[in-house]
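Trainee: Below is the file protein.csv, with CSV, C-alpha atoms.
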chain,number,residue,atom,x,y,z
A,1,MET,CA,-6.5,6.6,17.8
A,2,TRP,CA,-5.2,4.7,14.8
A,3,THR,CA,-4.4,0.9,15.0
A,4,VAL,CA,-2.8,-1.4,12.5
A,5,ILE,CA,-4.9,-4.5,11.9
A,6,LYS,CA,-3.8,-7.8,10.3
A,7,PHE,CA,-6.7,-9.5,8.6
A,8,ASP,CA,-7.7,-12.6,6.7
A,9,LYS,CA,-8.2,-11.6,3.0
A,10,LYS,CA,-11.0,-14.0,2.5
A,11,LYS,CA,-13.0,-12.6,5.3
A,12,TYR,CA,-12.3,-8.9,4.8
A,13,TYR,CA,-15.8,-7.7,4.1
A,14,LEU,CA,-17.2,-9.8,7.0
A,15,LEU,CA,-14.6,-8.2,9.2
A,16,LEU,CA,-15.6,-4.7,8.0
A,17,ARG,CA,-19.2,-5.3,8.8
A,18,GLU,CA,-18.4,-6.7,12.3
A,19,LEU,CA,-16.1,-3.8,13.1
A,20,LYS,CA,-18.8,-1.3,12.1
A,21,ASP,CA,-21.4,-3.2,14.2
A,22,LYS,CA,-19.2,-3.6,17.3
A,23,LEU,CA,-17.4,-0.3,17.2
A,24,GLY,CA,-20.1,1.9,15.8
A,25,GLY,CA,-20.4,4.0,12.7
A,26,ASP,CA,-17.5,6.4,13.7
A,27,CYS,CA,-14.9,3.8,12.8
A,28,VAL,CA,-12.6,4.9,9.9
A,29,ILE,CA,-10.8,2.3,7.7
A,30,TYR,CA,-7.9,3.1,5.4
A,31,ARG,CA,-6.5,0.3,3.2
A,32,PRO,CA,-4.0,1.6,0.6
A,33,LYS,CA,-3.9,-0.2,-2.7
A,34,ILE,CA,-1.7,-0.1,-5.8
A,35,LEU,CA,-2.7,-1.0,-9.4
A,36,ILE,CA,-0.1,-3.3,-11.1
A,37,GLN,CA,-0.1,-4.6,-14.6
A,38,LYS,CA,0.9,-8.2,-15.4
A,39,TYR,CA,1.1,-10.1,-18.7
A,40,LYS,CA,-1.2,-13.1,-18.7
A,41,LYS,CA,-1.5,-15.1,-22.0
A,42,ASN,CA,0.1,-12.2,-23.9
A,43,LYS,CA,-2.4,-9.7,-22.6
A,44,LEU,CA,-1.7,-6.9,-20.2
A,45,ILE,CA,-4.1,-7.2,-17.2
A,46,ASP,CA,-4.6,-4.6,-14.4
A,47,LYS,CA,-4.6,-6.1,-10.9
A,48,GLU,CA,-5.5,-4.4,-7.7
A,49,VAL,CA,-3.1,-5.3,-4.9
A,50,ASP,CA,-2.9,-4.3,-1.2
A,51,PHE,CA,-0.1,-1.9,-0.6
A,52,LEU,CA,0.5,-3.4,2.9
A,53,GLU,CA,-0.4,-7.0,2.0
A,54,GLY,CA,-2.9,-8.1,4.6
A,55,TYR,CA,-2.9,-5.1,6.9
A,56,PHE,CA,-5.1,-2.0,7.1
A,57,PHE,CA,-5.5,1.0,9.4
A,58,CYS,CA,-8.5,1.5,11.6
A,59,PHE,CA,-9.3,4.7,13.5
A,60,HIS,CA,-11.6,4.9,16.5
A,61,ASN,CA,-11.5,7.3,19.5
A,62,ASN,CA,-12.1,4.4,22.0
A,63,PHE,CA,-9.0,2.3,21.0
A,64,ARG,CA,-7.3,3.7,24.1
A,65,ASN,CA,-9.6,1.5,26.2
A,66,LYS,CA,-8.3,-2.0,26.6
A,67,ASN,CA,-11.8,-3.5,27.0
A,68,PHE,CA,-12.8,-1.8,23.8
A,69,LEU,CA,-9.8,-3.4,22.0
A,70,ASN,CA,-10.8,-6.8,23.3
A,71,VAL,CA,-14.2,-6.4,21.7
A,72,ALA,CA,-12.5,-5.5,18.4
A,73,LYS,CA,-10.2,-8.5,18.7
A,74,SER,CA,-13.2,-10.9,18.8
A,75,CYS,CA,-14.3,-9.9,15.2
A,76,ILE,CA,-14.3,-12.7,12.6
A,77,GLY,CA,-11.5,-12.2,10.0
A,78,LEU,CA,-9.3,-10.2,12.4
A,79,LYS,CA,-5.9,-12.0,12.8
A,80,ASP,CA,-4.2,-9.5,15.1
A,81,ILE,CA,-4.0,-5.9,16.2
A,82,LEU,CA,-0.3,-4.9,16.2
A,83,ASN,CA,1.1,-3.9,19.5
A,84,GLY,CA,2.8,-0.5,20.1
A,85,PHE,CA,0.3,1.5,18.1
A,86,GLU,CA,-0.3,3.8,21.1
A,87,GLN,CA,3.3,5.1,20.9
A,88,LEU,CA,3.4,5.3,17.1
A,89,GLN,CA,0.4,7.5,16.4
A,90,LEU,CA,2.5,10.3,14.8
A,91,ASP,CA,4.3,7.8,12.5
A,92,ILE,CA,1.0,6.1,11.5
A,93,LYS,CA,-0.6,9.5,10.8
A,94,ASN,CA,2.4,10.6,8.7
A,95,PHE,CA,2.4,7.3,6.7
A,96,ILE,CA,-1.3,7.6,6.0
A,97,LYS,CA,-0.9,11.2,5.0
A,98,LYS,CA,2.0,10.3,2.6
A,99,CYS,CA,-0.1,7.5,1.1
A,100,LYS,CA,-3.1,9.7,0.5
A,101,LYS,CA,-0.9,12.5,-0.9
A,102,SER,CA,0.6,10.1,-3.5
A,103,GLU,CA,-2.7,8.6,-4.6
A,104,ASN,CA,-3.7,9.1,-8.2
A,105,SER,CA,-7.1,10.1,-9.5
A,106,LYS,CA,-8.4,6.5,-9.2
A,107,GLY,CA,-7.4,6.3,-5.5
A,108,TYR,CA,-4.3,4.0,-6.0
A,109,VAL,CA,-1.0,4.8,-4.4
A,110,SER,CA,1.2,6.0,-7.3
A,111,GLN,CA,5.0,6.0,-7.9
A,112,ASN,CA,5.3,9.3,-6.1
A,113,PHE,CA,5.3,7.4,-2.9
A,114,PHE,CA,8.7,5.8,-3.4
A,115,GLU,CA,11.9,7.7,-3.2
A,116,ILE,CA,14.0,7.2,-6.3
A,117,ILE,CA,17.8,6.6,-5.7
A,118,LEU,CA,20.4,6.8,-8.4
A,119,ASN,CA,22.4,3.6,-9.1
A,120,SER,CA,19.9,1.4,-7.3
A,121,LYS,CA,18.1,-1.7,-8.5
A,122,TYR,CA,14.3,-1.7,-9.0
A,123,LYS,CA,11.7,-4.1,-10.3
A,124,PHE,CA,8.8,-3.0,-12.6
A,125,LEU,CA,5.3,-3.7,-11.3
A,126,SER,CA,3.5,-2.5,-14.3
A,127,GLY,CA,3.8,-1.9,-18.0
A,128,PRO,CA,5.5,-3.8,-20.8
A,129,PHE,CA,8.6,-4.4,-18.5
A,130,SER,CA,6.6,-5.8,-15.6
A,131,ASP,CA,8.7,-8.1,-13.4
A,132,LYS,CA,11.9,-7.0,-15.1
A,133,ILE,CA,14.8,-5.7,-12.9
A,134,PHE,CA,16.6,-2.5,-13.9
A,135,GLU,CA,19.1,0.0,-12.6
A,136,ILE,CA,18.6,3.8,-12.6
A,137,VAL,CA,21.4,5.5,-14.4
A,138,LYS,CA,20.3,9.1,-14.5
A,139,LEU,CA,17.4,11.1,-13.0
A,140,GLN,CA,15.7,14.0,-14.8
A,141,LYS,CA,12.6,16.0,-13.9
A,142,ASN,CA,10.0,13.6,-15.3
A,143,LYS,CA,12.2,11.0,-17.0
A,144,ILE,CA,14.6,8.4,-15.8
A,145,ASN,CA,17.4,6.8,-17.8
A,146,ILE,CA,17.5,3.1,-16.9
A,147,LEU,CA,19.6,0.1,-17.7
A,148,ILE,CA,17.7,-3.2,-18.3
A,149,GLY,CA,20.4,-5.9,-18.8
A,150,THR,CA,22.6,-4.2,-21.4
A,151,THR,CA,19.9,-2.0,-22.9
A,152,ASN,CA,19.8,1.7,-22.0
A,153,THR,CA,16.5,3.4,-22.3
A,154,THR,CA,14.4,6.3,-21.0
A,155,ILE,CA,11.0,6.1,-19.3
A,156,ASN,CA,8.5,8.5,-17.8
A,157,ASN,CA,8.7,8.1,-14.0
A,158,LYS,CA,5.0,8.7,-13.5
A,159,GLN,CA,3.9,6.2,-16.1
A,160,TYR,CA,5.1,3.0,-14.6
A,161,LEU,CA,5.1,1.5,-11.1
A,162,PHE,CA,8.3,0.1,-9.7
A,163,ASN,CA,9.7,-0.6,-6.3
A,164,PRO,CA,13.2,-1.1,-4.9
A,165,ILE,CA,14.6,-4.6,-4.5
Could the structure of this file be written out as structure tokens, please?
Mentor:
Amino acid sequence: MWTVIKFDKKKYYLLLRELKDKLGGDCVIYRPKILIQKYKKNKLIDKEVDFLEGYFFCFHNNFRNKNFLNVAKSCIGLKDILNGFEQLQLDIKNFIKKCKKSENSKGYVSQNFFEIILNSKYKFLSGPFSDKIFEIVKLQKNKINILIGTTNTTINNKQYLFNPI
């Protein structure tokens, strides 16, 4: 059974070790990440970021047992186990499947994850336009015509990361 765990970023590796010790070796962790590019001192720097910002998925067959959950909740670095995960198993599995399907060769969630909607506003997360807001004017197979301010240009939709505002 999958659960959604909120964690302290500074204690993530300690939490992983404790979960493996307390829950056993058959515990599966999935923490989707994206790779964004930012300019820092006129240099383009790659930065790995949690896709779910402080949450990850954990699978163990015994999460149905409340006593077992209480053991997991006592781990250092664990802030919370979100309620309602029992009823949302199908949604969690589908979300994980969609994340894994859209991962690139390096294991990062790619732009394929997001649905692109015409005439919507987006913000670049990577590339030379990082942190710039743009509007999608026209969709083509692998290219997108965008409007940044008053400038109209075309980009490859697989080359840059962006998300809706």
Trainee: Residues near A:Gly25, anyone? I mean within 12 Å using all atoms listed in the file, not counting same-chain ones fewer than 5 positions away, as a list in words.
Mentor: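 The filter keeps Leu16, Arg17, Glu18, Leu19, Lys20, Phe59, His60 and Asn61 of chain A.
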Trainee: Kindly list the centre and edge lengths in Å, rounded to one decimal, for the axis-aligned box that covers all listed atoms of stretch 9-25 of chain A plus 3 Å on each of its six sides, as JSON.
Mentor:
{"center_x": -14.8, "center_y": -5.0, "center_z": 9.9, "size_x": 19.2, "size_y": 24.0, "size_z": 20.8}
Trainee: Pick from A:Leu14, A:Leu147, A:Leu52, A:Ile45: nearest to A:Ile96, with only C-alpha atoms counted?
Mentor: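 Using only C-alpha atoms, the shortest distance to A:Ile96 belongs to A:Leu52.
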Trainee: Calculated over only C-alpha atoms, which of the candidates A:Leu23, A:Asp46, A:Asn104, A:Ile133 has the smallest distance to A:Phe68?
Mentor: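 Ranking A:Leu23, A:Asp46, A:Asn104, A:Ile133 by distance to A:Phe68, first place goes to A:Leu23.
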Trainee: My list of candidates is A:Tyr39, A:Tyr108, A:Phe7, A:Phe95. Which is closest to A:Phe56 when distances are computed with only C-alpha atoms?
Mentor: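 Ranked by minimum distance to A:Phe56, first place goes to A:Phe7.
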Trainee: Would you pick out the contacts of A:Gly149 at 10 Å or less, using all atoms listed in the file, so that residues sharing its chain but fewer than 6 positions from it are not included, and give the list as a count of residues only?
Mentor: 4
Trainee: Name the residues within 12 Å of (-1.1, -0.3, 19.2), counting only C-alpha atoms in the file's coordinates, and put them as a PyMOL selection string.
Mentor: chain A and resi 1-6+57-59+63-66+69+80-89+91-92
Trainee: Using all atoms listed in the file and a cutoff of 10 Å, can you tell me which residues are near (9.2, -4.3, -8.0) in the file's coordinates, and write them out as an mmCIF file with C-alpha atoms, in the frame of the given file?
Mentor:
data_model
loop_
_atom_site.group_PDB
_atom_site.id
_atom_site.type_symbol
_atom_site.label_atom_id
_atom_site.label_comp_id
_atom_site.auth_asym_id
_atom_site.auth_seq_id
_atom_site.Cartn_x
_atom_site.Cartn_y
_atom_site.Cartn_z
ATOM 1 C CA ILE A 36 -0.100 -3.300 -11.100
ATOM 2 C CA LYS A 121 18.100 -1.700 -8.500
ATOM 3 C CA TYR A 122 14.300 -1.700 -9.000
ATOM 4 C CA LYS A 123 11.700 -4.100 -10.300
ATOM 5 C CA PHE A 124 8.800 -3.000 -12.600
ATOM 6 C CA LEU A 125 5.300 -3.700 -11.300
ATOM 7 C CA SER A 126 3.500 -2.500 -14.300
ATOM 8 C CA SER A 130 6.600 -5.800 -15.600
ATOM 9 C CA ASP A 131 8.700 -8.100 -13.400
ATOM 10 C CA LYS A 132 11.900 -7.000 -15.100
ATOM 11 C CA ILE A 133 14.800 -5.700 -12.900
ATOM 12 C CA PHE A 134 16.600 -2.500 -13.900
ATOM 13 C CA LEU A 161 5.100 1.500 -11.100
ATOM 14 C CA PHE A 162 8.300 0.100 -9.700
ATOM 15 C CA ASN A 163 9.700 -0.600 -6.300
ATOM 16 C CA PRO A 164 13.200 -1.100 -4.900
ATOM 17 C CA ILE A 165 14.600 -4.600 -4.500
#
Trainee: Go through A:Val71, A:Lys40, A:Cys99, A:Lys9 one by one, measure the shortest atom-to-atom distance of each to A:Gly24 using only C-alpha atoms, and give the residue with the smallest value.
Mentor: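 Closest to A:Gly24, using only C-alpha atoms: A:Val71.
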Trainee: As a ChimeraX atom specification, please: the residues near A:Asn156 (cut-off 7 Å, only C-alpha atoms, same-chain neighbours under 4 positions excluded).
Mentor: /A:142-144
Trainee: How far is it from atom CA of A:Lys47 to atom CA of A:Val28, in Å with one decimal?
Mentor: 24.9 Å
Trainee: May I ask for the distance between atom CA of A:Asn157 and atom CA of A:Ile136, given in Å to one decimal place?
Mentor: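 Taking atom CA of A:Asn157 as the start and atom CA of A:Ile136 as the end point, the length is 10.9 Å.
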Trainee: Just the number, please: distance in Å from atom CA of A:Phe129 to atom CA of A:Gln37, one decimal.
Mentor: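 For atom CA of A:Phe129 relative to atom CA of A:Gln37, the distance reads 9.5 Å.
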Trainee: What's the 12 Å shell around A:Ser102, counting all atoms listed in the file, without same-chain residues fewer than 6 positions away, as a ChimeraX atom specification?
Mentor: /A:32-34,95-96,108-115,158
Trainee: Which residue, A:Val49, A:Asn62, A:Lys79, A:Lys22, has the smallest gap to A:Asp8 when you use all atoms listed in the file?
Mentor: A:Lys79
Trainee: Check the smallest atom-to-atom distance from each of A:Pro128, A:Cys75, A:Val137, A:Tyr13 to A:Leu44 using all atoms listed in the file, then report the winner.
Mentor: A:Pro128
